[in-house]
Amino acid sequence: MSVGSHRPHPATLEGTLHNPTRLAVAAFLSACAEAEFGVVRDHCQVSDSVMSKAASALDTAGYLGIRKGYVGKRPRTWLSLTPAGHEALAQHVAALQDIVAAAQHAATSADARPTTPPGPSPQS
Amino acid sequence: MEQDTTGEGVPVAARSADAAASVLRDVQGAQTQARLRARLVPAWYGPATGIFLAVYVVVAQRLLEADKGFVQLWLAYPVAGLVVVAFRRAARRSRGVTQLKDADFRAGRRQRRLMILAPTVLAAGLVWGIFRALGAGDHVAVSALAVAVGLSMWVGFARYNLAIRRQLREQA
């Protein structure tokens, strides 16, 4: 769904990012190079399983890079947004901005439109 | 023409725009949180850096005093370099969020310099000056300088983390 008409290719909402948890994960990861699974989970305030499902869905879509490693002896999972993920998030955000801009534009035009006072219609 | 409205009489377009604006705010909030979290320094980093620098200052002074320039050049510098690299690697791994090397990264580095390095240099100069003015010997002055450097680093990193945690709380 796209509302904007000022771009040659209107931005479209990305289906994978409709889910609030997936969007929160993508948004968080878009501002850092890599983040640990637990940190992203805490930010999204979800359980391990919900976070795992979100990461898996983003991974399937090719938006997420998953790296397993160790800090000392503790296993750690690191998540990062792939270039395709960055692109998808940018498209999604642009589409949302289009929706907001279109609504603002519609509101401005409605305000500017001259209003006719209600009254009896002329009879012939 | 009748406007398409929801049950409460709010136009659907307006509700969509409100929802979109709310999602955009959430996205921006998540990005800000990630940037701030990436700037946080692990709790052990400040004390470890402070102790390392204090020890290094004392060792370097002793080597200089004993006229062991070659030990300084071939042992002390490389070991110190390795320790610095190890500290930075360990800090990056235990941080939880890795920073992007963008404008925000440079801003964070500037903030660290301002909040940690500048007061440390100032404190070191001040302590050195005071002890020399009081007629203290090299050993005492350097020991005081080492303590001042170590404590300044420790306090500097603590202040830096506190400032970021405050911003995180305000942003949440």
# chains A, B, ... in the order shown; residues from 1 in each chain; ligands from 1

call {"tool": "interface_residues", "arguments": {"of": "chain A", "to": "chain B", "cutoff": "7 Å", "atoms": "only C-alpha atoms", "output": "MDAnalysis selection string"}}
result
chainID A and resid 24 27:28 30:36 39 71 93 96 99:100 103

call {"tool": "select_by_dssp", "arguments": {"residues": "chain B", "states": "helix (DSSP H, G or I)", "output": "MDAnalysis selection string"}}
result
chainID B and resid 12:39 45:65 69:95 103:133 138:171

call {"tool": "atom_distance", "arguments": {"atom1": "atom CA of A:Gly69", "atom2": "atom CA of A:Gln45"}}
result
23.2 Å

call {"tool": "atom_distance", "arguments": {"atom1": "atom CA of B:Arg159", "atom2": "atom CA of B:Met115"}}
result
7.6 Å

call {"tool": "residues_around", "arguments": {"residues": "stretch 77-92 of chain A", "least_positions_apart": "5", "cutoff": "7 Å", "atoms": "only C-alpha atoms", "output": "JSON, numbers by chain"}}
result
{"A": [11, 12, 13, 14, 26, 29, 30, 33, 34, 35, 36, 37, 62, 63, 64, 65, 66, 67, 68, 69]}

call {"tool": "write_last_selection", "arguments": {"atoms": "N, CA and C atoms", "output": "short mmCIF file (atom, residue, chain, number, x, y, z; two decimals), in the first residue's frame"}}
result
data_model
loop_
_atom_site.label_atom_id
_atom_site.label_comp_id
_atom_site.auth_asym_id
_atom_site.auth_seq_id
_atom_site.Cartn_x
_atom_site.Cartn_y
_atom_site.Cartn_z
N ALA A 11 7.11 4.01 -2.36
CA ALA A 11 7.54 3.05 -1.34
C ALA A 11 6.37 2.17 -0.95
N THR A 12 6.68 0.92 -0.66
CA THR A 12 5.63 -0.01 -0.27
C THR A 12 5.89 -0.54 1.13
N LEU A 13 4.82 -0.83 1.84
CA LEU A 13 4.97 -1.42 3.17
C LEU A 13 5.46 -2.85 3.01
N GLU A 14 6.43 -3.20 3.83
CA GLU A 14 7.05 -4.52 3.74
C GLU A 14 6.29 -5.50 4.65
N ALA A 26 14.26 -5.03 13.69
CA ALA A 26 14.92 -4.44 12.52
C ALA A 26 15.34 -3.00 12.81
N LEU A 29 18.35 -2.98 15.16
CA LEU A 29 19.59 -3.43 14.51
C LEU A 29 20.06 -2.47 13.42
N SER A 30 19.12 -1.64 12.91
CA SER A 30 19.51 -0.72 11.84
C SER A 30 20.46 0.37 12.35
N ALA A 33 25.94 -2.02 14.41
CA ALA A 33 26.56 -2.99 13.52
C ALA A 33 26.08 -4.41 13.86
N GLU A 34 26.03 -4.72 15.13
CA GLU A 34 25.65 -6.04 15.61
C GLU A 34 25.10 -5.90 17.01
N ALA A 35 24.18 -6.76 17.38
CA ALA A 35 23.70 -6.74 18.77
C ALA A 35 23.47 -8.16 19.24
N GLU A 36 23.67 -8.33 20.53
CA GLU A 36 23.49 -9.65 21.11
C GLU A 36 21.99 -9.97 21.22
N PHE A 37 21.66 -11.22 21.04
CA PHE A 37 20.27 -11.68 21.08
C PHE A 37 19.55 -11.17 22.35
N GLY A 62 15.75 -13.00 4.61
CA GLY A 62 17.07 -12.53 4.18
C GLY A 62 17.44 -11.18 4.75
N TYR A 63 16.72 -10.76 5.82
CA TYR A 63 16.96 -9.45 6.40
C TYR A 63 17.89 -9.49 7.59
N LEU A 64 18.19 -10.68 8.07
CA LEU A 64 18.94 -10.79 9.32
C LEU A 64 20.14 -11.70 9.16
N GLY A 65 21.25 -11.27 9.72
CA GLY A 65 22.43 -12.12 9.77
C GLY A 65 22.57 -12.64 11.19
N ILE A 66 22.80 -13.93 11.33
CA ILE A 66 22.93 -14.52 12.67
C ILE A 66 24.32 -15.12 12.81
N ARG A 67 25.02 -14.72 13.87
CA ARG A 67 26.37 -15.22 14.10
C ARG A 67 26.43 -15.81 15.51
N LYS A 68 26.93 -17.02 15.58
CA LYS A 68 27.05 -17.66 16.90
C LYS A 68 28.51 -17.53 17.36
N GLY A 69 28.68 -17.27 18.62
CA GLY A 69 30.04 -17.14 19.14
C GLY A 69 30.07 -17.37 20.63
#

call {"tool": "residues_around", "arguments": {"residues": "B:Gly46", "least_positions_apart": "4", "cutoff": "9 Å", "atoms": "only C-alpha atoms", "output": "list in words"}}
result
Val41, Pro42, Gly50, Ile51, Gly150, Met153, Trp154, Val155, Gly156, Phe157 and Ala158 of chain B

call {"tool": "closest_residue", "arguments": {"among": "B:Ala163, B:Ala118, B:Leu145, B:Val59", "to": "B:Gln72", "atoms": "only C-alpha atoms"}}
result
B:Val59

call {"tool": "residues_around", "arguments": {"residues": "B:Arg62", "least_positions_apart": "5", "cutoff": "10 Å", "atoms": "only C-alpha atoms", "output": "list of chain:residue names"}}
result
B:Tyr56, B:Val57, B:Asp67, B:Lys68, B:Gln72, B:Asp138, B:His139, B:Val142

call {"tool": "closest_residue", "arguments": {"among": "B:Ala107, B:Ala76, B:Ile130, B:Leu151", "to": "B:Gln61", "atoms": "only C-alpha atoms"}}
result
B:Ala76

call {"tool": "atom_distance", "arguments": {"atom1": "atom CA of B:Val140", "atom2": "atom CA of B:Leu75"}}
result
24.6 Å
